[in-house]
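Quick look at protein.cif (mmCIF, C-alpha atoms and all ligand atoms):
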```
data_target
loop_
_atom_site.label_atom_id
_atom_site.label_comp_id
_atom_site.auth_asym_id
_atom_site.auth_seq_id
_atom_site.Cartn_x
_atom_site.Cartn_y
_atom_site.Cartn_z
CA MET A 5 5.01 -7.11 -2.13
CA CYS A 6 3.31 -3.77 -2.68
CA ILE A 7 5.44 -1.37 -4.73
CA CYS A 8 4.06 1.56 -2.71
CA ILE A 9 6.57 1.07 0.11
CA ASP A 10 9.25 2.50 -2.17
CA CYS A 11 7.13 5.29 -3.66
CA GLN A 12 7.48 8.95 -2.79
CA HIS A 13 3.67 9.33 -2.66
CA VAL A 14 3.02 6.57 -0.14
CA ASP A 15 2.11 8.91 2.72
CA ALA A 16 -0.36 10.95 0.65
CA CYS A 17 -1.85 8.43 -1.75
CA THR A 18 -5.54 7.50 -1.74
CA THR A 19 -4.90 4.03 -3.17
CA TYR A 20 -2.29 3.13 -0.60
CA HIS A 21 -4.67 4.42 2.07
CA ALA A 22 -7.24 1.90 0.83
CA VAL A 23 -4.63 -0.88 0.85
CA GLU A 24 -3.78 -0.05 4.46
CA ALA A 25 -7.46 -0.31 5.35
CA GLN A 26 -7.74 -3.70 3.66
CA HIS A 27 -4.74 -4.95 5.62
CA GLN A 28 -6.07 -3.37 8.84
CA GLN A 29 -2.85 -1.42 9.20
CA PRO A 30 -2.57 2.01 10.77
CA HIS A 31 -2.65 4.79 8.19
CA LEU A 32 0.40 6.88 7.35
CA THR A 33 -2.05 9.75 6.92
CA GLU A 34 -5.70 10.17 7.78
CA HIS A 35 -6.20 12.61 4.90
CA PRO A 36 -4.65 11.33 1.67
CA ASP A 37 -4.81 13.93 -1.09
CA PHE A 38 -2.83 12.34 -3.91
CA GLU A 39 -4.82 10.54 -6.61
CA PRO A 40 -2.58 8.09 -8.48
CA THR A 41 -2.91 7.35 -12.18
CA LYS A 42 -3.87 3.79 -13.13
CA PRO A 43 -2.76 1.81 -10.11
CA THR A 44 -3.00 -1.94 -10.70
CA ILE A 45 -3.98 -3.93 -7.65
CA ASN A 46 -3.39 -7.63 -7.30
CA VAL A 47 -5.87 -9.27 -4.93
CA ASN A 48 -5.02 -12.66 -3.46
CA ILE A 49 -7.88 -14.52 -1.87
CA ARG A 50 -7.15 -17.32 0.55
CA THR A 51 -9.64 -19.50 2.34
CA HIS A 52 -8.89 -21.22 5.61
CA ASP A 53 -11.82 -23.31 6.91
CA THR A 54 -14.65 -20.77 6.90
CA GLU A 55 -12.37 -17.74 6.99
CA ILE A 56 -11.66 -15.79 3.81
CA GLN A 57 -8.55 -13.59 3.73
CA MET A 58 -7.86 -11.01 1.06
CA GLU A 59 -4.45 -9.50 0.44
CA TRP A 60 -4.16 -6.40 -1.73
CA ASP A 61 -0.91 -5.39 -3.39
CA VAL A 62 -0.28 -2.56 -5.81
CA VAL A 63 1.83 -4.19 -8.53
CA GLY A 64 1.91 -1.35 -11.06
CA CYS A 65 1.12 2.35 -11.15
CA GLU A 66 1.78 5.17 -13.61
CA SER A 67 2.32 7.57 -10.70
CA PHE A 68 5.00 5.44 -9.05
CA TYR A 69 7.92 7.70 -8.23
CA PRO A 70 10.77 5.80 -6.65
CA GLU A 71 12.01 6.78 -3.26
CA TRP A 72 13.57 3.57 -2.01
CA GLY A 73 12.87 2.80 1.63
CA LYS A 74 10.35 5.62 2.08
CA TRP A 75 7.85 3.54 4.09
CA ALA A 76 10.61 2.15 6.32
CA ARG A 77 11.87 5.67 7.05
CA LEU A 78 8.37 6.74 8.07
CA ARG A 79 7.96 3.72 10.37
CA PRO A 80 11.45 3.05 11.75
CA GLY A 81 11.86 -0.31 13.42
CA GLU A 82 8.55 -1.74 12.14
CA LEU A 83 8.27 -4.78 9.90
CA LEU A 84 7.58 -3.98 6.29
CA PRO A 85 3.96 -4.63 5.32
CA THR A 86 3.61 -7.76 3.19
S1 LIG B 1 2.85 3.38 -6.40
FE1 LIG B 1 0.96 4.46 -7.02
S2 LIG B 1 -0.58 3.62 -5.66
FE2 LIG B 1 1.39 3.19 -4.71
S3 LIG B 1 1.83 4.92 -3.34
FE3 LIG B 1 2.77 5.35 -5.32
S4 LIG B 1 1.26 6.59 -6.38
FE4 LIG B 1 0.18 5.51 -4.74
#
```

Represent the supplied structure as structure tokens.
Amino acid sequence: MCICIDCQHVDACTTYHAVEAQHQQPHLTEHPDFEPTKPTINVNIRTHDTEIQMEWDVVGCESFYPEWGKWARLRPGELLPT
């Protein structure tokens, strides 16, 4: 699970914007302007027949600033991104 969903910067962060793109999710903002310090991204690669799926998760970040449930508040009623 990506730690960004509980981070105050999630709706302004350039790294989370890239993660959304990788997951083909709609962006929380089209113009991210927050550059995080040393985000660590875990990339899981799965193959299924000829299809290759990549899942990106931010698992560490020096700019993480907790705001529990921030993503869920911005997208009420939607499933949390995995
Ligand atoms: S944890 Fe880091 S990468 Fe994720 S939203 Fe927060 S600042 Fe951005």

Original post:
Can you list, as number ranges by chain, every protein, DNA or RNA residue that comes within 12 Å of His35 (chain A) when you count all atoms listed in the file, leaving out same-chain residues fewer than 2 positions away?
Top reply: A: 15-22, 31-33, 37-39

Give me the residues of chain A that have any atom at most 8 Å from an atom of ligand LIG 1 (chain B); for each, the nearest atom pair and the distance in Å, rounded to one decimal. Use only C-alpha atoms and all ligand atoms, sort by chain and number, and format it as a tab-separated table.
```
residue	atom	partner	partner_atom	distance
A:Cys6	CA	B:LIG1	FE2	7.5
A:Ile7	CA	B:LIG1	S1	5.7
A:Cys8	CA	B:LIG1	FE2	3.7
A:Ile9	CA	B:LIG1	S3	7.0
A:Asp10	CA	B:LIG1	S1	7.7
A:Cys11	CA	B:LIG1	FE3	4.7
A:Gln12	CA	B:LIG1	FE3	6.4
A:His13	CA	B:LIG1	S3	4.8
A:Val14	CA	B:LIG1	S3	3.8
A:Asp15	CA	B:LIG1	S3	7.3
A:Ala16	CA	B:LIG1	S3	7.6
A:Cys17	CA	B:LIG1	FE4	4.6
A:Thr18	CA	B:LIG1	FE4	6.8
A:Thr19	CA	B:LIG1	S2	5.0
A:Tyr20	CA	B:LIG1	S3	5.3
A:Phe38	CA	B:LIG1	S4	7.5
A:Glu39	CA	B:LIG1	S4	7.3
A:Pro40	CA	B:LIG1	S4	4.6
A:Thr41	CA	B:LIG1	FE1	7.1
A:Lys42	CA	B:LIG1	FE1	7.8
A:Pro43	CA	B:LIG1	S2	5.3
A:Thr44	CA	B:LIG1	S2	7.9
A:Val62	CA	B:LIG1	FE2	6.1
A:Val63	CA	B:LIG1	S1	7.9
A:Gly64	CA	B:LIG1	S1	6.7
A:Cys65	CA	B:LIG1	FE1	4.6
A:Glu66	CA	B:LIG1	FE1	6.7
A:Ser67	CA	B:LIG1	S4	4.6
A:Phe68	CA	B:LIG1	S1	4.0
A:Tyr69	CA	B:LIG1	FE3	6.4
```

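Distances here use only C-alpha atoms; by that measure, the residue among A:Met5, A:Ile49, A:Arg77, A:Glu24 closest to Asp61 (chain A) is A:Met5.
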
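CA of Leu84 (chain A) lies 14.4 Å from CA of Trp60 (chain A).
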
Mind giving me the axis-aligned box for region 41-60 of chain A with 4 Å on every side, centre plus edges in Å to one decimal, as JSON?
```
{"center_x": -8.7, "center_y": -8.0, "center_z": -3.1, "size_x": 19.9, "size_y": 38.7, "size_z": 28.1}
```

**OP:** Go through A:Pro30, A:Val23, A:Lys74, A:Pro85 one by one, measure the shortest atom-to-atom distance of each to Val47 (chain A) using only C-alpha atoms, and give the residue with the smallest value.
**Re:**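 Among the listed residues, the smallest separation from Val47 (chain A) belongs to A:Val23.
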
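Residue nearest Ala25 (chain A) within the list A:Thr54, A:Gly73, A:Glu59, A:Asn46: A:Glu59 [criterion: smallest interatomic distance, all atoms listed in the file].
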